[in-house]
file coords-v4.txt (compact mmCIF, C-alpha atoms)
# COMPACT_ATOMS: atom_id res chain seq x y z
CA MET A 25 79.74 -200.76 18.04
CA ASP A 26 82.58 -200.13 15.62
CA THR A 27 82.37 -201.67 12.18
CA ALA A 28 85.29 -202.90 10.14
CA PRO A 29 86.06 -200.81 7.04
CA VAL A 30 84.82 -202.25 3.80
CA ALA A 31 87.66 -203.70 1.74
CA ARG A 32 87.92 -202.10 -1.68
CA PRO A 33 89.03 -204.15 -4.68
CA ALA A 34 92.59 -203.48 -5.83
CA PRO A 35 92.76 -201.27 -8.92
CA ARG A 36 93.10 -203.22 -12.15
CA TYR A 37 95.24 -200.81 -14.09
CA TRP A 38 95.46 -203.15 -17.05
CA VAL A 39 91.70 -202.87 -17.61
CA HIS A 40 91.86 -199.06 -17.80
CA LEU A 41 94.88 -199.24 -20.14
CA LEU A 42 93.27 -201.89 -22.36
CA LEU A 43 90.06 -199.88 -22.72
CA LEU A 44 92.10 -196.76 -23.54
CA VAL A 45 94.06 -198.57 -26.27
CA LEU A 46 90.86 -200.08 -27.73
CA THR A 47 89.20 -196.66 -27.75
CA VAL A 48 92.16 -195.15 -29.60
CA GLY A 49 91.61 -197.84 -32.22
CA THR A 50 87.85 -197.38 -32.52
CA THR A 51 88.01 -193.57 -32.70
CA PHE A 52 90.85 -193.81 -35.24
CA THR A 53 88.71 -196.09 -37.41
CA SER A 54 85.56 -193.99 -37.01
CA TYR A 55 87.32 -190.89 -38.26
CA LEU A 56 88.42 -192.71 -41.42
CA LEU A 57 84.92 -194.09 -42.00
CA TYR A 58 82.82 -190.99 -41.32
CA PHE A 59 84.92 -187.82 -41.44
CA HIS A 60 87.73 -188.40 -43.92
CA PHE A 61 87.00 -187.11 -47.44
CA GLN A 62 87.97 -190.50 -48.90
CA ARG A 63 86.55 -193.58 -47.27
CA PRO A 64 89.07 -196.42 -47.01
CA TYR A 65 87.58 -199.89 -46.77
CA SER A 66 90.82 -201.82 -46.20
CA PRO A 67 94.03 -201.00 -44.28
CA GLY A 68 95.98 -200.90 -47.53
CA GLU A 69 93.91 -197.93 -48.74
CA VAL A 70 94.85 -195.73 -45.76
CA SER A 71 97.51 -193.22 -46.76
CA PRO A 72 100.05 -191.93 -44.22
CA GLU A 73 98.37 -188.52 -44.36
CA ALA A 74 94.95 -190.03 -43.62
CA ALA A 75 96.39 -192.08 -40.77
CA LEU A 76 98.01 -188.97 -39.25
CA ARG A 77 94.74 -187.02 -39.47
CA ALA A 78 92.82 -189.90 -37.88
CA LEU A 79 95.38 -190.22 -35.09
CA SER A 80 95.24 -186.48 -34.36
CA PHE A 81 91.44 -186.72 -34.12
CA SER A 82 91.59 -189.76 -31.85
CA LEU A 83 94.22 -188.43 -29.44
CA SER A 84 92.57 -184.99 -29.24
CA LEU A 85 89.16 -186.48 -28.49
CA LEU A 86 90.51 -188.83 -25.82
CA ALA A 87 92.54 -186.01 -24.27
CA ILE A 88 89.35 -183.98 -23.85
CA LEU A 89 87.27 -186.88 -22.54
CA GLY A 90 90.08 -188.08 -20.31
CA SER A 91 90.68 -184.65 -18.79
CA HIS A 92 86.94 -184.37 -18.10
CA GLU A 93 86.89 -187.58 -16.10
CA MET A 94 90.26 -186.91 -14.43
CA GLY A 95 88.84 -183.61 -13.19
CA HIS A 96 86.10 -185.56 -11.40
CA TYR A 97 88.63 -188.13 -10.17
CA LEU A 98 91.15 -185.67 -8.72
CA LEU A 99 88.56 -183.55 -6.90
CA ALA A 100 86.89 -186.69 -5.54
CA ARG A 101 90.23 -187.84 -4.15
CA ILE A 102 90.89 -184.39 -2.66
CA HIS A 103 87.57 -184.70 -0.79
CA ARG A 104 88.46 -188.28 0.19
CA VAL A 105 85.64 -189.79 -1.83
CA ASP A 106 86.54 -193.29 -2.99
CA THR A 107 86.45 -193.41 -6.79
CA SER A 108 87.93 -195.35 -9.68
CA LEU A 109 90.18 -194.21 -12.48
CA PRO A 110 88.39 -193.42 -15.76
CA TYR A 111 87.04 -196.28 -17.86
CA PHE A 112 86.98 -195.43 -21.57
CA ILE A 113 84.13 -197.03 -23.53
CA PRO A 114 85.06 -198.10 -27.08
CA LEU A 115 82.29 -198.22 -29.68
CA PRO A 116 83.42 -200.04 -32.84
CA VAL A 117 82.25 -198.68 -36.22
CA LEU A 118 79.41 -196.49 -34.87
CA GLY A 119 79.50 -192.73 -34.28
CA VAL A 120 82.83 -191.26 -33.19
CA GLY A 121 84.06 -194.62 -31.94
CA THR A 122 83.40 -194.11 -28.24
CA LEU A 123 80.64 -193.58 -25.72
CA GLY A 124 82.99 -191.43 -23.67
CA ALA A 125 84.53 -192.30 -20.33
CA VAL A 126 83.14 -192.87 -16.84
CA ILE A 127 84.38 -193.18 -13.29
CA ARG A 128 82.82 -195.11 -10.40
CA ILE A 129 82.18 -193.11 -7.24
CA ARG A 130 81.82 -195.61 -4.41
CA ASP A 131 81.17 -193.24 -1.48
CA ARG A 132 78.51 -190.69 -0.70
CA ILE A 133 79.51 -187.08 -1.28
CA PRO A 134 80.24 -185.47 2.13
CA HIS A 135 78.67 -182.03 1.61
CA ARG A 136 77.36 -179.61 -1.00
CA ASN A 137 80.69 -177.83 -1.44
CA ALA A 138 82.34 -181.12 -2.35
CA LEU A 139 79.43 -181.87 -4.68
CA VAL A 140 80.09 -178.63 -6.58
CA ASP A 141 83.83 -179.26 -6.70
CA ILE A 142 83.49 -182.80 -8.03
CA GLY A 143 80.61 -182.01 -10.42
CA ALA A 144 82.16 -178.87 -11.92
CA ALA A 145 85.73 -180.14 -12.18
CA GLY A 146 84.92 -182.48 -15.08
CA PRO A 147 83.34 -180.09 -17.59
CA LEU A 148 85.70 -177.24 -16.68
CA ALA A 149 88.78 -179.46 -17.07
CA GLY A 150 87.43 -180.71 -20.39
CA LEU A 151 86.96 -177.13 -21.61
CA VAL A 152 90.47 -176.16 -20.52
CA VAL A 153 91.78 -178.83 -22.90
CA ALA A 154 89.15 -178.46 -25.65
CA LEU A 155 89.40 -174.69 -26.18
CA PRO A 156 93.11 -174.52 -27.12
CA ILE A 157 92.72 -177.62 -29.29
CA LEU A 158 89.83 -175.91 -31.10
CA PHE A 159 91.72 -172.65 -31.53
CA TRP A 160 94.82 -174.41 -32.91
CA GLY A 161 92.71 -176.57 -35.22
CA LEU A 162 90.71 -173.62 -36.54
CA ALA A 163 93.91 -171.66 -37.17
CA HIS A 164 95.07 -174.60 -39.33
CA SER A 165 91.74 -174.94 -41.16
CA THR A 166 90.80 -173.61 -44.59
CA VAL A 167 88.04 -171.19 -45.61
CA VAL A 168 86.25 -172.56 -48.70
CA ASP A 169 83.25 -171.73 -50.86
CA ALA A 170 80.00 -173.15 -49.50
CA PRO A 171 76.32 -172.82 -50.40
CA ARG A 172 73.99 -170.98 -48.08
CA LEU A 173 72.20 -173.39 -45.73
CA ASP A 174 68.76 -172.45 -44.50
CA ALA A 175 67.42 -173.53 -41.11
CA PRO A 176 63.63 -173.69 -41.47
CA PHE A 177 61.25 -173.86 -38.53
CA PRO A 178 59.98 -176.46 -37.85
CA GLY A 179 63.23 -178.20 -38.78
CA ASP A 180 63.43 -180.68 -41.64
CA ASP A 181 64.53 -183.40 -39.18
CA SER A 182 61.97 -182.61 -36.48
CA LEU A 183 59.16 -184.90 -35.40
CA TRP A 184 56.76 -182.29 -36.76
CA ALA A 185 58.31 -182.58 -40.24
CA TYR A 186 58.35 -186.38 -40.08
CA GLY A 187 54.69 -186.41 -39.07
CA ARG A 188 53.83 -183.99 -41.88
CA ASP A 189 55.63 -186.18 -44.42
CA LEU A 190 53.92 -189.30 -43.08
CA PHE A 191 50.51 -187.62 -43.32
CA ALA A 192 51.24 -186.56 -46.92
CA TRP A 193 52.32 -190.12 -47.80
CA VAL A 194 49.16 -191.63 -46.27
CA MET A 195 46.93 -189.14 -48.08
CA ALA A 196 48.71 -189.88 -51.37
CA LYS A 197 48.04 -193.59 -50.89
CA ILE A 198 44.39 -193.01 -50.04
CA THR A 199 43.76 -190.65 -52.96
CA HIS A 200 46.00 -192.61 -55.40
CA ALA A 201 47.82 -189.40 -56.24
CA PRO A 202 50.75 -189.77 -58.67
CA PRO A 203 54.12 -189.89 -56.88
CA ALA A 204 56.14 -186.71 -56.83
CA PRO A 205 59.23 -186.75 -59.06
CA GLU A 206 62.38 -187.69 -57.19
CA GLU A 207 65.11 -185.08 -57.06
CA ALA A 208 68.63 -186.11 -58.05
CA ILE A 209 71.04 -186.28 -55.11
CA HIS A 210 74.49 -184.89 -55.88
CA SER A 211 76.05 -184.92 -52.42
CA VAL A 212 75.31 -185.44 -48.73
CA GLN A 213 77.07 -183.06 -46.36
CA THR A 214 77.41 -183.35 -42.58
CA VAL A 215 76.94 -179.94 -40.96
CA PHE A 216 78.12 -179.36 -37.40
CA GLY A 217 76.04 -177.03 -35.29
CA ASP A 218 77.42 -173.69 -34.17
CA SER A 219 77.64 -172.67 -30.53
CA LEU A 220 78.65 -169.30 -29.14
CA LEU A 221 82.04 -170.71 -28.20
CA MET A 222 82.61 -172.12 -31.69
CA ARG A 223 81.60 -168.83 -33.31
CA GLY A 224 83.90 -166.87 -31.01
CA LEU A 225 86.89 -169.17 -31.54
CA THR A 226 86.35 -169.16 -35.32
CA TRP A 227 86.34 -165.35 -35.32
CA LEU A 228 89.50 -165.23 -33.21
CA ALA A 229 91.35 -167.79 -35.35
CA LEU A 230 90.14 -166.86 -38.85
CA GLY A 231 88.38 -163.52 -38.59
CA PRO A 232 84.85 -162.90 -39.94
CA ILE A 233 83.71 -165.58 -42.40
CA PRO A 234 82.20 -163.91 -45.51
CA GLU A 235 78.79 -164.83 -46.89
CA GLY A 236 79.03 -167.89 -49.15
CA LYS A 237 82.09 -169.22 -47.31
CA ASP A 238 82.57 -171.90 -44.67
CA VAL A 239 85.44 -173.56 -42.85
CA LEU A 240 86.90 -176.88 -43.95
CA VAL A 241 88.09 -177.91 -40.51
CA HIS A 242 91.19 -179.69 -39.32
CA PRO A 243 90.49 -183.11 -37.69
CA VAL A 244 91.21 -181.84 -34.19
CA VAL A 245 88.39 -179.28 -34.61
CA ILE A 246 85.94 -182.17 -35.01
CA ALA A 247 87.33 -183.70 -31.82
CA GLY A 248 87.02 -180.37 -30.00
CA TRP A 249 83.48 -179.88 -31.29
CA PHE A 250 82.46 -183.24 -29.84
CA GLY A 251 84.15 -182.17 -26.61
CA LEU A 252 81.85 -179.13 -26.48
CA LEU A 253 78.85 -181.36 -27.19
CA VAL A 254 79.80 -183.68 -24.31
CA THR A 255 80.17 -180.65 -22.05
CA LEU A 256 76.73 -179.38 -23.11
CA LEU A 257 75.05 -182.73 -22.43
CA ASN A 258 76.72 -183.18 -19.05
CA LEU A 259 76.05 -179.65 -17.80
CA MET A 260 72.29 -179.96 -18.24
CA PRO A 261 70.86 -179.64 -14.70
CA VAL A 262 69.16 -183.04 -14.59
CA GLY A 263 69.47 -185.78 -11.97
CA GLN A 264 73.03 -187.02 -11.51
CA LEU A 265 74.53 -185.38 -14.56
CA ASP A 266 77.29 -182.89 -13.76
CA GLY A 267 74.82 -180.03 -14.05
CA GLY A 268 72.42 -181.99 -11.85
CA HIS A 269 75.06 -182.15 -9.11
CA LEU A 270 75.36 -178.37 -9.22
CA ALA A 271 71.60 -177.86 -9.24
CA HIS A 272 71.22 -180.14 -6.21
CA ALA A 273 73.97 -178.29 -4.38
CA LEU A 274 72.13 -175.01 -5.02
CA TRP A 275 68.50 -175.99 -4.50
CA GLY A 276 68.42 -179.44 -2.88
CA GLN A 277 65.42 -181.59 -3.75
CA ARG A 278 63.77 -178.65 -5.51
CA ALA A 279 66.29 -179.23 -8.32
CA ARG A 280 63.92 -181.98 -9.55
CA TRP A 281 61.71 -179.23 -11.01
CA VAL A 282 64.67 -177.71 -12.83
CA GLY A 283 65.31 -181.10 -14.42
CA ARG A 284 61.68 -181.36 -15.49
CA VAL A 285 61.88 -177.93 -17.15
CA VAL A 286 64.98 -179.10 -19.05
CA ALA A 287 63.03 -182.17 -20.17
CA LEU A 288 60.28 -179.91 -21.53
CA VAL A 289 62.88 -177.89 -23.45
CA LEU A 290 64.30 -181.12 -24.90
CA LEU A 291 60.78 -182.20 -25.86
CA PHE A 292 60.21 -178.90 -27.67
CA LEU A 293 63.52 -179.28 -29.54
CA THR A 294 62.62 -182.87 -30.49
CA VAL A 295 59.21 -181.93 -31.86
CA PHE A 296 60.06 -178.69 -33.63
CA VAL A 297 63.85 -178.54 -34.26
CA THR A 298 65.49 -181.96 -34.63
CA ALA A 299 64.35 -185.40 -33.54
CA SER A 300 67.91 -186.29 -32.51
CA TRP A 301 67.27 -184.57 -29.16
CA GLY A 302 64.70 -187.29 -28.48
CA LEU A 303 67.46 -189.75 -27.58
CA TRP A 304 68.90 -187.46 -24.91
CA LEU A 305 65.37 -186.76 -23.67
CA LEU A 306 64.88 -190.50 -23.10
CA VAL A 307 68.32 -190.86 -21.48
CA THR A 308 67.79 -187.98 -19.06
CA SER A 309 64.16 -188.68 -18.15
CA LYS A 310 64.20 -192.49 -18.05
CA LEU A 311 67.78 -193.60 -17.34
CA VAL A 312 69.24 -190.68 -15.40
CA GLY A 313 65.98 -189.54 -13.81
CA PHE A 314 65.31 -186.32 -11.92
CA GLY A 315 66.27 -187.44 -8.41
CA HIS A 316 69.62 -187.01 -6.67
CA PRO A 317 70.98 -188.71 -3.52
CA GLU A 318 71.41 -186.45 -0.52
CA VAL A 319 74.89 -185.53 0.66
CA VAL A 320 76.10 -186.71 4.09
CA GLU A 321 75.97 -183.22 5.64
CA PRO A 322 73.14 -181.36 3.85
CA LEU A 323 73.07 -178.49 6.38
CA GLU A 324 76.60 -177.30 5.62
CA PRO A 325 76.15 -174.02 3.71
CA LEU A 326 77.35 -173.56 0.16
CA SER A 327 80.31 -171.18 0.08
CA PRO A 328 80.23 -168.02 -2.08
CA GLY A 329 83.13 -169.37 -4.14
CA ARG A 330 81.14 -172.49 -5.04
CA LYS A 331 78.23 -170.31 -6.15
CA VAL A 332 80.64 -168.50 -8.47
CA ILE A 333 81.72 -171.88 -9.86
CA CYS A 334 78.06 -172.75 -10.50
CA ALA A 335 77.61 -169.45 -12.36
CA LEU A 336 80.75 -170.19 -14.41
CA CYS A 337 79.33 -173.59 -15.36
CA LEU A 338 76.06 -171.92 -16.39
CA LEU A 339 78.03 -169.65 -18.72
CA ALA A 340 79.80 -172.75 -20.10
CA LEU A 341 76.42 -174.40 -20.69
CA ILE A 342 75.18 -171.34 -22.60
CA GLY A 343 78.43 -171.12 -24.56
CA CYS A 344 78.23 -174.76 -25.66
CA ALA A 345 74.48 -174.74 -26.47
CA MET A 346 73.48 -175.53 -30.06
CA PRO A 347 69.86 -176.16 -31.14
CA ILE A 348 70.88 -178.52 -33.98
CA PRO A 349 74.08 -180.41 -33.12
CA LEU A 350 74.37 -182.40 -36.37
CA ARG A 351 72.39 -182.56 -39.57
CA GLN A 352 72.70 -184.12 -43.00
CA VAL A 353 72.23 -181.68 -45.88
CA VAL A 354 71.35 -183.20 -49.27
CA THR A 355 72.13 -181.19 -52.41
call {"tool": "encode", "arguments": {"input": "coords-v4.txt", "output": "structure tokens"}}
result
Amino acid sequence: MDTAPVARPAPRYWVHLLLLVLTVGTTFTSYLLYFHFQRPYSPGEVSPEAALRALSFSLSLLAILGSHEMGHYLLARIHRVDTSLPYFIPLPVLGVGTLGAVIRIRDRIPHRNALVDIGAAGPLAGLVVALPILFWGLAHSTVVDAPRLDAPFPGDDSLWAYGRDLFAWVMAKITHAPPAPEEAIHSVQTVFGDSLLMRGLTWLALGPIPEGKDVLVHPVVIAGWFGLLVTLLNLMPVGQLDGGHLAHALWGQRARWVGRVVALVLLFLTVFVTASWGLWLLVTSKLVGFGHPEVVEPLEPLSPGRKVICALCLLALIGCAMPIPLRQVVT
């Protein structure tokens, strides 16, 4: 018996446009609050130069995030998979001002080749936009004097270090030991983690950075750096993340074990490197999960070209990897 096709709701373009405009506003404000060297607390304190820098950050970030989701959208439409336009998610005041963008895929993926196309198109499209933005921004950045920053192991922000400090505090209370003298804080610096791609682009744009020097980056470099971080998080081969789509296309249900190995790596990083990875560990293991829905035609073989795309995405994952994405350095 034939069934009538399910009626899809008409696109509400105004919702997508409204969310985009709101996200421009929240990312603009977040740059001024967290990344500008002078923190304005009222609109009258924002200089034209600061506003231009904040706008360049906002538009660059949304271009990268938007191209990522449009990559998914276009390849889904090519494979006749019903999907929505991207929804940007504004996040007032906190972080970079956005939780990214998402699309809604309303149909099952027809086969593994389509799964690779749709899953890989997002991160690759995002990189195509992010890399030239990063190169241009680095070429317009300034090399400045900077103190040497050590990276001890276990990390100062790891769960191991927090547990060690808690144990020392408890023992001091039990033994009534005199409190240690507090060190004077002169400045707090946000340090962005280095990936292989960032190191390579910095070398291409500025040449070798001498010892005792660092790069005071242009605002669009911060946007591009967050674009690389988003690519890294999405390419992890877990569940229904972009990397999880590729892993399922390659190994089927056995990809669950790949996801569990990634969770163990995240657990190691949380305990011994930086506790900030604990949030993504919870997101991947509890919210995303390790399972993946089966495609409509699981027996259709994966083409050699799609395997090359998977290998390219693995190289992108390695290039974007950074053990410590962000840290606060107190001097």
call {"tool": "residues_around", "arguments": {"input": "coords-v4.txt", "residues": "A:Thr308", "least_positions_apart": "3", "cutoff": "8 Å", "atoms": "only C-alpha atoms", "output": "VMD selection string"}}
result
chain A and resid 262 to 263 287 304 to 305 311 to 314
call {"tool": "residues_near_point", "arguments": {"input": "coords-v4.txt", "point": "(82.8, -197.9, -20.3)", "cutoff": "9 Å", "atoms": "only C-alpha atoms", "output": "JSON, numbers by chain"}}
result
{"A": [43, 110, 111, 112, 113, 114, 122, 123, 124, 125, 126, 127]}
call {"tool": "closest_atom_pairs", "arguments": {"input": "coords-v4.txt", "of": "stretch 239-303 of chain A", "to": "stretch 129-153 of chain A", "cutoff": "9 Å", "atoms": "only C-alpha atoms", "output": "Markdown table"}}
result
| residue | atom | partner | partner_atom | distance |
| --- | --- | --- | --- | --- |
| A:Gly248 | CA | A:Val153 | CA | 8.7 |
| A:Gly251 | CA | A:Gly150 | CA | 7.2 |
| A:Leu252 | CA | A:Leu151 | CA | 7.3 |
| A:Val254 | CA | A:Pro147 | CA | 8.4 |
| A:Thr255 | CA | A:Pro147 | CA | 5.5 |
| A:Leu256 | CA | A:Pro147 | CA | 8.6 |
| A:Asn258 | CA | A:Pro147 | CA | 7.5 |
| A:Leu259 | CA | A:Pro147 | CA | 7.3 |
| A:Leu265 | CA | A:Gly143 | CA | 8.1 |
| A:Asp266 | CA | A:Gly143 | CA | 4.8 |
| A:Gly267 | CA | A:Gly143 | CA | 7.1 |
| A:Gly268 | CA | A:Gly143 | CA | 8.3 |
| A:His269 | CA | A:Gly143 | CA | 5.7 |
| A:Leu270 | CA | A:Val140 | CA | 5.4 |
| A:Ala271 | CA | A:Val140 | CA | 8.9 |
| A:His272 | CA | A:Arg136 | CA | 8.1 |
| A:Ala273 | CA | A:Arg136 | CA | 5.0 |
| A:Leu274 | CA | A:Arg136 | CA | 8.0 |
call {"tool": "atom_distance", "arguments": {"input": "coords-v4.txt", "atom1": "atom CA of A:Glu73", "atom2": "atom CA of A:Pro243"}}
result
11.7 Å
call {"tool": "closest_residue", "arguments": {"input": "coords-v4.txt", "among": "A:Arg36, A:Arg223, A:Arg284, A:Lys197", "to": "A:Ala345", "atoms": "all atoms listed in the file"}}
result
A:Arg223
call {"tool": "atom_distance", "arguments": {"input": "coords-v4.txt", "atom1": "atom CA of A:Cys344", "atom2": "atom CA of A:Ala154"}}
result
11.5 Å
call {"tool": "closest_residue", "arguments": {"input": "coords-v4.txt", "among": "A:Val45, A:Ala34, A:Val215, A:Leu290", "to": "A:Ser182", "atoms": "all atoms listed in the file"}}
result
A:Leu290
call {"tool": "closest_residue", "arguments": {"input": "coords-v4.txt", "among": "A:Leu293, A:Val285, A:Val168, A:Leu350", "to": "A:Thr214", "atoms": "all atoms listed in the file"}}
result
A:Leu350
call {"tool": "residues_around", "arguments": {"input": "coords-v4.txt", "residues": "A:Arg172", "least_positions_apart": "4", "cutoff": "10 Å", "atoms": "only C-alpha atoms", "output": "list in words"}}
result
Glu235, Gly236, Lys237 and Asp238 of chain A
call {"tool": "residues_around", "arguments": {"input": "coords-v4.txt", "residues": "A:Trp227", "least_positions_apart": "4", "cutoff": "12 Å", "atoms": "all atoms listed in the file", "output": "PyMOL selection string"}}
result
chain A and resi 158-159+162-163+167+220-223+231-234+239
call {"tool": "atom_distance", "arguments": {"input": "coords-v4.txt", "atom1": "atom CA of A:Trp184", "atom2": "atom CA of A:Val295"}}
result
5.5 Å
